[in-house]
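Here is target.pdb, consisting of PDB, C-alpha atoms:
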MODEL        1
ATOM      1  CA  MET A 173       2.070  41.455   3.848
ATOM      2  CA  ALA A 174       4.289  43.718   5.961
ATOM      3  CA  GLN A 175       1.488  44.144   8.483
ATOM      4  CA  SER A 176       1.071  40.382   8.627
ATOM      5  CA  SER A 177       4.813  39.956   9.217
ATOM      6  CA  CYS A 178       4.805  42.539  12.002
ATOM      7  CA  ARG A 179       1.814  40.854  13.591
ATOM      8  CA  PHE A 180       3.456  37.460  13.390
ATOM      9  CA  ARG A 181       6.370  37.330  15.873
ATOM     10  CA  TRP A 182       8.098  34.229  17.006
ATOM     11  CA  ALA A 183       9.129  33.019  20.407
ATOM     12  CA  LEU A 184      12.505  31.418  21.037
ATOM     13  CA  ASP A 185      13.229  27.852  20.096
ATOM     14  CA  THR A 186      11.467  25.117  22.061
ATOM     15  CA  HIS A 187      14.593  23.574  23.525
ATOM     16  CA  ALA A 188      16.489  26.799  23.902
ATOM     17  CA  ASN A 189      14.609  28.173  26.890
ATOM     18  CA  GLY A 190      11.690  25.806  27.456
ATOM     19  CA  THR A 191       9.118  27.743  25.434
ATOM     20  CA  VAL A 192       7.311  26.754  22.280
ATOM     21  CA  PRO A 193       7.151  28.720  19.013
ATOM     22  CA  ASP A 194       4.162  30.995  18.486
ATOM     23  CA  GLY A 195       3.466  29.231  15.213
ATOM     24  CA  PHE A 196       4.708  28.243  11.786
ATOM     25  CA  ILE A 197       4.642  29.580   8.232
ATOM     26  CA  LEU A 198       3.221  27.094   5.728
ATOM     27  CA  LEU A 199       5.060  28.041   2.546
ATOM     28  CA  GLY A 200       3.144  25.867   0.077
ATOM     29  CA  PHE A 201       3.570  27.474  -3.360
ATOM     30  CA  SER A 202       3.917  31.014  -2.009
ATOM     31  CA  ASP A 203       6.586  31.721  -4.633
ATOM     32  CA  ASN A 204       4.027  31.136  -7.400
ATOM     33  CA  PRO A 205       0.788  33.107  -6.730
ATOM     34  CA  ARG A 206      -0.732  32.178 -10.102
ATOM     35  CA  LEU A 207      -0.337  28.479  -9.339
ATOM     36  CA  GLU A 208      -1.869  29.065  -5.909
ATOM     37  CA  MET A 209      -5.015  30.547  -7.449
ATOM     38  CA  THR A 210      -5.272  27.629  -9.870
ATOM     39  CA  LEU A 211      -4.861  25.158  -7.016
ATOM     40  CA  PHE A 212      -7.415  27.051  -4.922
ATOM     41  CA  MET A 213     -10.090  26.558  -7.576
ATOM     42  CA  ALA A 214      -9.114  22.947  -8.289
ATOM     43  CA  VAL A 215      -8.948  21.926  -4.627
ATOM     44  CA  SER A 216     -12.313  23.628  -3.958
ATOM     45  CA  VAL A 217     -13.934  21.510  -6.678
ATOM     46  CA  PHE A 218     -12.274  18.308  -5.446
ATOM     47  CA  TYR A 219     -13.291  19.020  -1.839
ATOM     48  CA  THR A 220     -16.906  19.629  -2.854
ATOM     49  CA  VAL A 221     -16.990  16.330  -4.759
ATOM     50  CA  THR A 222     -15.438  14.586  -1.735
ATOM     51  CA  LEU A 223     -18.090  15.967   0.626
ATOM     52  CA  VAL A 224     -20.996  15.136  -1.683
ATOM     53  CA  GLY A 225     -19.700  11.729  -2.789
ATOM     54  CA  ASN A 226     -18.781  10.376   0.642
ATOM     55  CA  THR A 227     -21.923  11.770   2.260
ATOM     56  CA  THR A 228     -23.960  10.008  -0.442
ATOM     57  CA  ILE A 229     -22.248   6.686   0.294
ATOM     58  CA  ILE A 230     -22.907   7.064   4.041
ATOM     59  CA  LEU A 231     -26.585   7.902   3.489
ATOM     60  CA  LEU A 232     -27.182   5.122   0.961
ATOM     61  CA  SER A 233     -25.446   2.511   3.123
ATOM     62  CA  HIS A 234     -27.533   3.565   6.113
ATOM     63  CA  LEU A 235     -30.920   3.975   4.417
ATOM     64  CA  ASP A 236     -30.939   1.054   1.964
ATOM     65  CA  PRO A 237     -31.421  -2.382   3.610
ATOM     66  CA  HIS A 238     -29.817  -4.066   0.593
ATOM     67  CA  LEU A 239     -26.517  -2.423   1.552
ATOM     68  CA  HIS A 240     -26.518  -3.618   5.156
ATOM     69  CA  THR A 241     -23.605  -5.971   4.511
ATOM     70  CA  PRO A 242     -20.010  -6.077   5.847
ATOM     71  CA  MET A 243     -18.609  -4.635   2.612
ATOM     72  CA  TYR A 244     -20.742  -1.494   2.796
ATOM     73  CA  PHE A 245     -20.333  -1.291   6.565
ATOM     74  CA  PHE A 246     -16.581  -0.887   6.065
ATOM     75  CA  LEU A 247     -17.109   1.340   3.026
ATOM     76  CA  THR A 248     -19.153   3.649   5.264
ATOM     77  CA  HIS A 249     -16.247   3.849   7.685
ATOM     78  CA  LEU A 250     -13.913   4.638   4.778
ATOM     79  CA  SER A 251     -16.199   7.497   3.742
ATOM     80  CA  ILE A 252     -16.316   8.834   7.305
ATOM     81  CA  LEU A 253     -12.524   8.644   7.486
ATOM     82  CA  ASP A 254     -12.139  10.465   4.172
ATOM     83  CA  LEU A 255     -14.550  13.204   5.263
ATOM     84  CA  CYS A 256     -12.681  13.741   8.535
ATOM     85  CA  PHE A 257      -9.264  13.390   6.896
ATOM     86  CA  THR A 258      -9.918  16.021   4.226
ATOM     87  CA  THR A 259     -11.692  18.385   6.608
ATOM     88  CA  SER A 260      -8.704  18.289   8.958
ATOM     89  CA  CYS A 261      -6.423  19.803   6.309
ATOM     90  CA  ILE A 262      -8.181  21.141   3.189
ATOM     91  CA  PRO A 263      -9.842  24.231   4.772
ATOM     92  CA  GLN A 264      -6.411  25.276   6.065
ATOM     93  CA  MET A 265      -4.939  24.495   2.647
ATOM     94  CA  LEU A 266      -7.524  26.685   0.891
ATOM     95  CA  MET A 267      -6.805  29.554   3.283
ATOM     96  CA  ASN A 268      -3.117  29.108   2.523
ATOM     97  CA  PHE A 269      -3.740  29.331  -1.231
ATOM     98  CA  TRP A 270      -6.098  32.313  -0.982
ATOM     99  CA  SER A 271      -4.449  34.528   1.614
ATOM    100  CA  SER A 272      -1.035  36.162   1.820
ATOM    101  CA  ASP A 273      -0.969  35.219   5.508
ATOM    102  CA  LYS A 274       0.484  31.693   5.587
ATOM    103  CA  THR A 275       0.737  31.401   9.359
ATOM    104  CA  ILE A 276      -0.689  28.716  11.604
ATOM    105  CA  SER A 277      -0.471  28.717  15.400
ATOM    106  CA  TYR A 278       1.590  26.128  17.255
ATOM    107  CA  LEU A 279      -1.589  24.701  18.822
ATOM    108  CA  GLY A 280      -3.361  24.653  15.456
ATOM    109  CA  CYS A 281      -0.413  22.854  13.889
ATOM    110  CA  ALA A 282      -0.297  20.310  16.719
ATOM    111  CA  VAL A 283      -4.048  19.609  16.520
ATOM    112  CA  GLN A 284      -3.874  19.224  12.759
ATOM    113  CA  LEU A 285      -0.894  16.864  13.036
ATOM    114  CA  TYR A 286      -2.592  14.653  15.643
ATOM    115  CA  ILE A 287      -5.829  14.371  13.652
ATOM    116  CA  PHE A 288      -4.144  14.088  10.246
ATOM    117  CA  LEU A 289      -1.732  11.345  11.324
ATOM    118  CA  GLY A 290      -4.344   9.427  13.335
ATOM    119  CA  LEU A 291      -6.883   9.318  10.520
ATOM    120  CA  GLY A 292      -4.192   8.377   8.008
ATOM    121  CA  ALA A 293      -3.082   5.441  10.163
ATOM    122  CA  SER A 294      -6.705   4.351  10.594
ATOM    123  CA  GLU A 295      -7.251   4.353   6.836
ATOM    124  CA  CYS A 296      -4.205   2.117   6.332
ATOM    125  CA  VAL A 297      -5.678  -0.462   8.707
ATOM    126  CA  LEU A 298      -9.185  -0.086   7.269
ATOM    127  CA  LEU A 299      -7.977  -0.878   3.751
ATOM    128  CA  LEU A 300      -6.418  -4.066   5.148
ATOM    129  CA  VAL A 301      -9.710  -4.975   6.851
ATOM    130  CA  MET A 302     -11.583  -4.380   3.586
ATOM    131  CA  ALA A 303      -9.124  -6.653   1.783
ATOM    132  CA  PHE A 304      -9.783  -9.361   4.408
ATOM    133  CA  ASP A 305     -13.533  -8.940   3.844
ATOM    134  CA  ARG A 306     -13.097  -9.402   0.077
ATOM    135  CA  TYR A 307     -10.833 -12.416   0.659
ATOM    136  CA  VAL A 308     -13.482 -14.156   2.767
ATOM    137  CA  ALA A 309     -16.255 -13.212   0.294
ATOM    138  CA  VAL A 310     -14.407 -14.636  -2.712
ATOM    139  CA  CYS A 311     -12.361 -17.488  -1.245
ATOM    140  CA  ARG A 312     -14.810 -18.650   1.467
ATOM    141  CA  PRO A 313     -18.235 -17.691   0.048
ATOM    142  CA  LEU A 314     -20.166 -20.458   1.821
ATOM    143  CA  HIS A 315     -18.764 -19.411   5.193
ATOM    144  CA  TYR A 316     -18.885 -15.657   4.568
ATOM    145  CA  ALA A 317     -21.958 -14.939   6.689
ATOM    146  CA  VAL A 318     -20.605 -17.065   9.541
ATOM    147  CA  ILE A 319     -17.120 -15.524   9.522
ATOM    148  CA  MET A 320     -18.057 -11.892   8.877
ATOM    149  CA  HIS A 321     -20.805 -11.722  11.470
ATOM    150  CA  PRO A 322     -21.839  -8.301  12.881
ATOM    151  CA  PRO A 323     -19.929  -8.584  16.198
ATOM    152  CA  LEU A 324     -16.677  -9.265  14.326
ATOM    153  CA  CYS A 325     -17.320  -6.370  11.947
ATOM    154  CA  HIS A 326     -17.838  -3.998  14.876
ATOM    155  CA  LYS A 327     -14.666  -5.272  16.570
ATOM    156  CA  LEU A 328     -12.676  -4.732  13.363
ATOM    157  CA  ALA A 329     -14.087  -1.216  13.022
ATOM    158  CA  PHE A 330     -13.121  -0.512  16.636
ATOM    159  CA  LEU A 331      -9.613  -1.815  15.895
ATOM    160  CA  VAL A 332      -9.361   0.555  12.934
ATOM    161  CA  TRP A 333     -10.090   3.661  15.009
ATOM    162  CA  VAL A 334      -7.988   2.564  17.997
ATOM    163  CA  SER A 335      -4.995   1.867  15.750
ATOM    164  CA  GLY A 336      -5.191   5.442  14.485
ATOM    165  CA  VAL A 337      -5.121   6.770  18.039
ATOM    166  CA  PHE A 338      -2.108   4.571  18.792
ATOM    167  CA  GLY A 339      -0.269   5.707  15.663
ATOM    168  CA  THR A 340      -0.708   9.421  16.317
ATOM    169  CA  LEU A 341       0.104   9.191  20.035
ATOM    170  CA  VAL A 342       3.392   7.461  19.221
ATOM    171  CA  GLN A 343       4.590   9.853  16.507
ATOM    172  CA  SER A 344       2.968  13.258  17.038
ATOM    173  CA  PRO A 345       4.265  14.235  20.526
ATOM    174  CA  THR A 346       7.913  13.537  19.674
ATOM    175  CA  THR A 347       7.559  15.462  16.403
ATOM    176  CA  MET A 348       6.160  18.566  18.105
ATOM    177  CA  LYS A 349       9.018  18.474  20.650
ATOM    178  CA  LEU A 350      11.701  18.804  17.960
ATOM    179  CA  SER A 351      14.115  21.722  18.041
ATOM    180  CA  PHE A 352      12.823  23.730  15.084
ATOM    181  CA  CYS A 353      14.866  26.222  13.084
ATOM    182  CA  HIS A 354      14.164  29.840  14.013
ATOM    183  CA  HIS A 355      12.591  30.760  10.666
ATOM    184  CA  HIS A 356       9.789  28.234  11.354
ATOM    185  CA  GLN A 357       9.012  27.942   7.642
ATOM    186  CA  VAL A 358       7.336  24.621   6.828
ATOM    187  CA  ASP A 359       7.790  23.743   3.162
ATOM    188  CA  ASP A 360       4.308  22.253   2.827
ATOM    189  CA  PHE A 361       0.578  23.097   2.878
ATOM    190  CA  VAL A 362      -0.192  21.256   6.104
ATOM    191  CA  CYS A 363       1.544  20.291   9.330
ATOM    192  CA  GLU A 364       2.658  16.735   8.719
ATOM    193  CA  VAL A 365       5.546  14.720  10.116
ATOM    194  CA  PRO A 366       7.996  14.675   7.143
ATOM    195  CA  ALA A 367       7.789  18.455   6.641
ATOM    196  CA  LEU A 368       8.284  19.155  10.362
ATOM    197  CA  ILE A 369      11.243  16.778  10.526
ATOM    198  CA  ARG A 370      12.852  18.659   7.639
ATOM    199  CA  LEU A 371      12.292  21.908   9.568
ATOM    200  CA  ALA A 372      14.199  20.637  12.615
ATOM    201  CA  CYS A 373      17.732  21.956  13.144
ATOM    202  CA  GLY A 374      18.735  19.384  15.748
ATOM    203  CA  ASP A 375      19.340  15.652  15.561
ATOM    204  CA  THR A 376      16.330  13.888  14.038
ATOM    205  CA  HIS A 377      17.695  10.347  13.722
ATOM    206  CA  VAL A 378      15.365   9.053  16.455
ATOM    207  CA  ASN A 379      12.352  10.669  14.802
ATOM    208  CA  GLU A 380      13.320   9.312  11.391
ATOM    209  CA  LEU A 381      13.760   5.835  12.860
ATOM    210  CA  GLN A 382      10.430   6.176  14.615
ATOM    211  CA  ILE A 383       8.576   7.214  11.461
ATOM    212  CA  SER A 384      10.221   4.358   9.565
ATOM    213  CA  VAL A 385       8.985   1.858  12.167
ATOM    214  CA  ILE A 386       5.498   3.375  12.172
ATOM    215  CA  GLY A 387       5.570   3.342   8.372
ATOM    216  CA  ALA A 388       6.509  -0.331   8.356
ATOM    217  CA  ILE A 389       3.649  -1.118  10.744
ATOM    218  CA  PHE A 390       0.931   0.967   9.107
ATOM    219  CA  LEU A 391       2.092   1.079   5.472
ATOM    220  CA  LEU A 392       4.376  -1.735   4.379
ATOM    221  CA  GLY A 393       2.872  -4.402   6.676
ATOM    222  CA  PRO A 394      -0.764  -3.877   5.622
ATOM    223  CA  LEU A 395       0.268  -3.414   1.978
ATOM    224  CA  LEU A 396       2.091  -6.763   1.980
ATOM    225  CA  LEU A 397      -0.892  -8.539   3.541
ATOM    226  CA  ILE A 398      -3.256  -6.887   1.047
ATOM    227  CA  LEU A 399      -1.143  -8.047  -1.883
ATOM    228  CA  VAL A 400      -1.042 -11.588  -0.486
ATOM    229  CA  SER A 401      -4.808 -11.629   0.001
ATOM    230  CA  TYR A 402      -5.403 -10.375  -3.541
ATOM    231  CA  GLY A 403      -3.056 -13.001  -4.881
ATOM    232  CA  ARG A 404      -5.334 -15.606  -3.287
ATOM    233  CA  ILE A 405      -8.411 -13.760  -4.557
ATOM    234  CA  THR A 406      -7.050 -13.756  -8.102
ATOM    235  CA  GLN A 407      -6.536 -17.530  -7.967
ATOM    236  CA  ALA A 408     -10.081 -18.008  -6.644
ATOM    237  CA  VAL A 409     -11.627 -15.727  -9.290
ATOM    238  CA  LEU A 410      -9.854 -17.531 -12.133
ATOM    239  CA  ALA A 411     -11.215 -20.834 -10.813
ATOM    240  CA  ILE A 412     -14.847 -19.626 -10.964
ATOM    241  CA  GLN A 413     -16.743 -21.414 -13.751
ATOM    242  CA  SER A 414     -19.352 -18.716 -14.312
ATOM    243  CA  GLN A 415     -18.151 -15.831 -16.462
ATOM    244  CA  ASN A 416     -20.660 -13.448 -14.849
ATOM    245  CA  GLY A 417     -19.380 -14.449 -11.432
ATOM    246  CA  ARG A 418     -15.781 -13.792 -12.464
ATOM    247  CA  ILE A 419     -16.663 -10.387 -13.879
ATOM    248  CA  LYS A 420     -18.623  -9.352 -10.773
ATOM    249  CA  ASP A 421     -15.851 -10.375  -8.359
ATOM    250  CA  PHE A 422     -13.208  -8.795 -10.586
ATOM    251  CA  HIS A 423     -15.021  -5.434 -10.686
ATOM    252  CA  THR A 424     -15.597  -5.391  -6.934
ATOM    253  CA  CYS A 425     -12.016  -6.311  -6.044
ATOM    254  CA  SER A 426     -10.378  -4.144  -8.705
ATOM    255  CA  SER A 427     -12.170  -1.096  -7.267
ATOM    256  CA  HIS A 428     -10.711  -1.764  -3.843
ATOM    257  CA  LEU A 429      -7.280  -2.509  -5.285
ATOM    258  CA  ALA A 430      -7.304   0.800  -7.173
ATOM    259  CA  VAL A 431      -7.996   2.679  -3.931
ATOM    260  CA  VAL A 432      -5.197   0.762  -2.194
ATOM    261  CA  PHE A 433      -2.711   1.499  -4.972
ATOM    262  CA  LEU A 434      -3.465   5.233  -5.091
ATOM    263  CA  PHE A 435      -3.329   5.718  -1.329
ATOM    264  CA  TYR A 436      -0.398   3.525  -0.324
ATOM    265  CA  CYS A 437       1.960   4.508  -3.132
ATOM    266  CA  SER A 438       1.652   8.256  -2.557
ATOM    267  CA  VAL A 439       1.824   8.071   1.257
ATOM    268  CA  THR A 440       4.724   5.600   1.281
ATOM    269  CA  ALA A 441       6.807   7.814  -1.008
ATOM    270  CA  VAL A 442       6.537  10.691   1.485
ATOM    271  CA  TYR A 443       6.718   8.945   4.863
ATOM    272  CA  ILE A 444       9.233   6.125   4.551
ATOM    273  CA  GLN A 445      12.209   8.464   3.995
ATOM    274  CA  PRO A 446      11.128  11.969   5.066
ATOM    275  CA  ARG A 447      14.526  13.582   4.384
ATOM    276  CA  SER A 448      15.041  11.981   0.961
ATOM    277  CA  HIS A 449      15.533  14.210  -2.087
ATOM    278  CA  PHE A 450      12.341  12.854  -3.668
ATOM    279  CA  SER A 451      10.294  13.513  -0.518
ATOM    280  CA  GLN A 452      11.553  17.108  -0.331
ATOM    281  CA  LYS A 453      11.040  17.965  -4.006
ATOM    282  CA  GLY A 454       7.907  15.975  -4.784
ATOM    283  CA  GLY A 455       6.440  15.869  -1.278
ATOM    284  CA  LYS A 456       4.047  18.790  -1.770
ATOM    285  CA  PHE A 457       2.565  17.316  -4.939
ATOM    286  CA  LEU A 458       2.173  13.895  -3.301
ATOM    287  CA  THR A 459       0.579  15.550  -0.271
ATOM    288  CA  LEU A 460      -1.923  17.174  -2.634
ATOM    289  CA  PHE A 461      -2.579  13.780  -4.177
ATOM    290  CA  TYR A 462      -3.366  11.767  -1.042
ATOM    291  CA  THR A 463      -5.147  14.593   0.787
ATOM    292  CA  VAL A 464      -7.218  15.924  -2.138
ATOM    293  CA  VAL A 465      -7.328  13.570  -5.113
ATOM    294  CA  THR A 466      -7.552  10.133  -3.468
ATOM    295  CA  PRO A 467     -10.483  10.972  -1.121
ATOM    296  CA  THR A 468     -12.309  12.345  -4.169
ATOM    297  CA  LEU A 469     -11.667   9.257  -6.286
ATOM    298  CA  ASN A 470     -12.787   6.835  -3.556
ATOM    299  CA  PRO A 471     -16.541   7.587  -3.813
ATOM    300  CA  LEU A 472     -16.319   7.801  -7.612
ATOM    301  CA  ILE A 473     -14.589   4.421  -7.854
ATOM    302  CA  TYR A 474     -16.996   2.744  -5.450
ATOM    303  CA  THR A 475     -20.185   4.255  -6.907
ATOM    304  CA  LEU A 476     -19.694   4.683 -10.648
ATOM    305  CA  ARG A 477     -18.443   1.079 -10.982
ATOM    306  CA  ASN A 478     -20.847  -0.388  -8.412
ATOM    307  CA  LYS A 479     -24.263  -1.588  -9.562
ATOM    308  CA  ASP A 480     -25.514  -2.055  -5.992
ATOM    309  CA  MET A 481     -24.840   1.604  -5.237
ATOM    310  CA  LYS A 482     -26.524   2.721  -8.473
ATOM    311  CA  ARG A 483     -29.618   0.662  -7.692
ATOM    312  CA  ALA A 484     -29.698   1.926  -4.109
ATOM    313  CA  PHE A 485     -29.548   5.503  -5.402
ATOM    314  CA  ARG A 486     -32.450   4.819  -7.769
ATOM    315  CA  ARG A 487     -34.473   3.260  -4.968
ATOM    316  CA  LEU A 488     -33.754   6.298  -2.807
ATOM    317  CA  LEU A 489     -35.141   8.509  -5.582
ATOM    318  CA  GLY A 490     -38.217   6.298  -5.808
ATOM    319  CA  LYS A 491     -37.352   4.725  -9.164
ATOM    320  CA  ASP A 492     -38.018   1.147  -8.036
ATOM    321  CA  ARG A 493     -39.545   0.149 -11.340
ATOM    322  CA  MET A 494     -36.473   1.182 -13.261
ATOM    323  CA  SER A 495     -34.183  -0.851 -11.004
ATOM    324  CA  SER A 496     -36.457  -3.910 -11.059
ATOM    325  CA  GLU A 497     -36.614  -3.955 -14.845
ATOM    326  CA  GLU A 498     -32.827  -4.307 -15.152
TER
ENDMDL
END

Written as structure tokens, how would this file's structure read?
Amino acid sequence: MAQSSCRFRWALDTHANGTVPDGFILLGFSDNPRLEMTLFMAVSVFYTVTLVGNTTIILLSHLDPHLHTPMYFFLTHLSILDLCFTTSCIPQMLMNFWSSDKTISYLGCAVQLYIFLGLGASECVLLLVMAFDRYVAVCRPLHYAVIMHPPLCHKLAFLVWVSGVFGTLVQSPTTMKLSFCHHHQVDDFVCEVPALIRLACGDTHVNELQISVIGAIFLLGPLLLILVSYGRITQAVLAIQSQNGRIKDFHTCSSHLAVVFLFYCSVTAVYIQPRSHFSQKGGKFLTLFYTVVTPTLNPLIYTLRNKDMKRAFRRLLGKDRMSSEE
């Protein structure tokens, strides 16, 4: 540990003489080594499930013609986002839990922040797009194929990824230009905006206002529209005469709504007020939740409760007879 500290020397503050810090120390749960080992094993299991589950969804959606629909097209993009999102932070997180060296270079922190924030913003928009797809499917079933045609789906997917680029280019540069305290100790597992704002020793009112505006655009705005769309969906489902039809639509939409609830609630609690007492004390646990738990639950929610995915998996294994007999 002493050798690591000697090896890790800091430059002067960014705004003090025009240089940037050599790096940061990601504290995590460094004061509780036993908890770190427990989290290392738990996060490793969750990450493995995330990789396997989301890769399975991508392969099934690509290989099975029955899944070549707008819903699974967007679900594939969600899986790709979750794979990229977790891979941008969990390997670093595991190294943080395992090793006594908690350092990350300034460039590594900046790259992680750009990718992490961009993919998070993209997922917020994608969940809104998926809610729109379910709204059209349930409330306008006769016009679904006409409205959700392939060109529109590709344009919406393009919008999802571009919005993420916009979100990270607005917030990340100003965050990395903050005047950080000389100890450079980030009270988190990853380099994310709220933790870096709390590390700043200078005036952060502009950054806090900026993150609040970005949060309103990418979190509260989409969440409000999603809730409105599901209000309409609920009315449409209750009006369906067929009980089987109601159950099918309810299962499909409840899966998506569960994903929305888990993701938006945890992220909103951390990002809307980055300097709040709750964000400082519970921020690390919420970060664990939306970076580790939610991406793991997504494939489980969409596959274990989805008959189309189960049948596609059986067809992929060559069990066509079994699926046709159901």

To verify the selection step, state as a list in words which residues the PyMOL selection byres ((chain A and resi 474) around 9) yields on this input.
Ile229, Leu247, Thr424, Ser427, His428, Leu469, Asn470, Pro471, Leu472, Ile473, Thr475, Leu476, Arg477, Asn478 and Met481 of chain A

Restricting the output to C-alpha atoms, write the selected residues as a short mmCIF file (atom, residue, chain, number, x, y, z; two decimals), in the frame of the given file.
data_model
loop_
_atom_site.label_atom_id
_atom_site.label_comp_id
_atom_site.auth_asym_id
_atom_site.auth_seq_id
_atom_site.Cartn_x
_atom_site.Cartn_y
_atom_site.Cartn_z
CA ILE A 229 -22.25 6.69 0.29
CA LEU A 247 -17.11 1.34 3.03
CA THR A 424 -15.60 -5.39 -6.93
CA SER A 427 -12.17 -1.10 -7.27
CA HIS A 428 -10.71 -1.76 -3.84
CA LEU A 469 -11.67 9.26 -6.29
CA ASN A 470 -12.79 6.84 -3.56
CA PRO A 471 -16.54 7.59 -3.81
CA LEU A 472 -16.32 7.80 -7.61
CA ILE A 473 -14.59 4.42 -7.85
CA THR A 475 -20.18 4.26 -6.91
CA LEU A 476 -19.69 4.68 -10.65
CA ARG A 477 -18.44 1.08 -10.98
CA ASN A 478 -20.85 -0.39 -8.41
CA MET A 481 -24.84 1.60 -5.24
#

Dig up all the protein and nucleic acid residues within 10 Å of (-6.0, -12.0, -5.8) in the file frame, using only C-alpha atoms, and format them as a compact mmCIF listing (two decimals) with C-alpha atoms, keeping the file's coordinate frame.
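Output saved as selection06.txt:
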# COMPACT_ATOMS: atom_id res chain seq x y z
CA ALA A 303 -9.12 -6.65 1.78
CA ARG A 306 -13.10 -9.40 0.08
CA TYR A 307 -10.83 -12.42 0.66
CA VAL A 310 -14.41 -14.64 -2.71
CA CYS A 311 -12.36 -17.49 -1.25
CA ILE A 398 -3.26 -6.89 1.05
CA LEU A 399 -1.14 -8.05 -1.88
CA VAL A 400 -1.04 -11.59 -0.49
CA SER A 401 -4.81 -11.63 0.00
CA TYR A 402 -5.40 -10.38 -3.54
CA GLY A 403 -3.06 -13.00 -4.88
CA ARG A 404 -5.33 -15.61 -3.29
CA ILE A 405 -8.41 -13.76 -4.56
CA THR A 406 -7.05 -13.76 -8.10
CA GLN A 407 -6.54 -17.53 -7.97
CA ALA A 408 -10.08 -18.01 -6.64
CA VAL A 409 -11.63 -15.73 -9.29
CA LEU A 410 -9.85 -17.53 -12.13
CA PHE A 422 -13.21 -8.80 -10.59
CA CYS A 425 -12.02 -6.31 -6.04
CA SER A 426 -10.38 -4.14 -8.70
CA LEU A 429 -7.28 -2.51 -5.28

To verify the selection step, state as a PDB file with C-alpha atoms, in the frame of the given file which residues the PyMOL selection byres ((chain A and resi 314-326) around 10) yields on this input.
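Below is the file that was written, expr05.pdb:
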ATOM      1  CA  THR A 241     -23.605  -5.971   4.511  1.00  0.00           C
ATOM      2  CA  PRO A 242     -20.010  -6.077   5.847  1.00  0.00           C
ATOM      3  CA  MET A 243     -18.609  -4.635   2.612  1.00  0.00           C
ATOM      4  CA  PHE A 245     -20.333  -1.291   6.565  1.00  0.00           C
ATOM      5  CA  PHE A 246     -16.581  -0.887   6.065  1.00  0.00           C
ATOM      6  CA  VAL A 301      -9.710  -4.975   6.851  1.00  0.00           C
ATOM      7  CA  PHE A 304      -9.783  -9.361   4.408  1.00  0.00           C
ATOM      8  CA  ASP A 305     -13.533  -8.940   3.844  1.00  0.00           C
ATOM      9  CA  ARG A 306     -13.097  -9.402   0.077  1.00  0.00           C
ATOM     10  CA  TYR A 307     -10.833 -12.416   0.659  1.00  0.00           C
ATOM     11  CA  VAL A 308     -13.482 -14.156   2.767  1.00  0.00           C
ATOM     12  CA  ALA A 309     -16.255 -13.212   0.294  1.00  0.00           C
ATOM     13  CA  VAL A 310     -14.407 -14.636  -2.712  1.00  0.00           C
ATOM     14  CA  CYS A 311     -12.361 -17.488  -1.245  1.00  0.00           C
ATOM     15  CA  ARG A 312     -14.810 -18.650   1.467  1.00  0.00           C
ATOM     16  CA  PRO A 313     -18.235 -17.691   0.048  1.00  0.00           C
ATOM     17  CA  LYS A 327     -14.666  -5.272  16.570  1.00  0.00           C
ATOM     18  CA  LEU A 328     -12.676  -4.732  13.363  1.00  0.00           C
ATOM     19  CA  ALA A 329     -14.087  -1.216  13.022  1.00  0.00           C
ATOM     20  CA  PHE A 330     -13.121  -0.512  16.636  1.00  0.00           C
ATOM     21  CA  LEU A 331      -9.613  -1.815  15.895  1.00  0.00           C
ATOM     22  CA  VAL A 332      -9.361   0.555  12.934  1.00  0.00           C
TER      23      VAL A 332
END

Name the residues that the PyMOL selection byres ((chain A and resi 197) around 6) picks from the file above, as a PDB file with C-alpha atoms, in the coordinates of the input, using the file's chain letters and numbers.
ATOM      1  CA  PHE A 196       4.708  28.243  11.786  1.00  0.00           C
ATOM      2  CA  LEU A 198       3.221  27.094   5.728  1.00  0.00           C
ATOM      3  CA  LEU A 199       5.060  28.041   2.546  1.00  0.00           C
ATOM      4  CA  LYS A 274       0.484  31.693   5.587  1.00  0.00           C
ATOM      5  CA  THR A 275       0.737  31.401   9.359  1.00  0.00           C
ATOM      6  CA  GLN A 357       9.012  27.942   7.642  1.00  0.00           C
ATOM      7  CA  VAL A 358       7.336  24.621   6.828  1.00  0.00           C
TER       8      VAL A 358
END

Point (4.2, 12.7, 10.4) neighbourhood (10 Å, only C-alpha atoms) written as a PyMOL selection string:
chain A and resi 285-286+288-290+292+339-340+343-344+347-348+363-369+379-380+382-383+386-387+442-443+446

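Residue nearest Ile262 in chain A, chosen from A:Met302, A:Ile412, A:Leu231, A:Val217 and counting all atoms listed in the file: A:Val217.
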
Return as AutoDock Vina command-line options the centre and edge lengths, in Å with one decimal, of the box along x, y and z that encloses every atom of range 191-209 of chain A in the file, padded by 6 Å per side.
--center_x 2.1 --center_y 29.5 --center_z 7.7 --size_x 26.1 --size_y 19.2 --size_z 47.5

Contact residues around Pro467 in chain A with all atoms listed in the file at 8 Å, ignoring same-chain residues under 5 positions, as an MDAnalysis selection string:
chainID A and resid 222 254:255 258 462

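Minimum atom-to-atom distance to Ser277 in chain A, evaluated using only C-alpha atoms, belongs to A:His356 out of A:Asp480, A:Met209, A:His356, A:Leu341.
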
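Distance check against Val431 in chain A using only C-alpha atoms: of A:Leu250, A:Leu279, A:Lys349, A:Leu381, the minimum falls on A:Leu250.
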
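Here CA of Ile444 in chain A and CA of Val362 in chain A stand 17.9 Å from one another.
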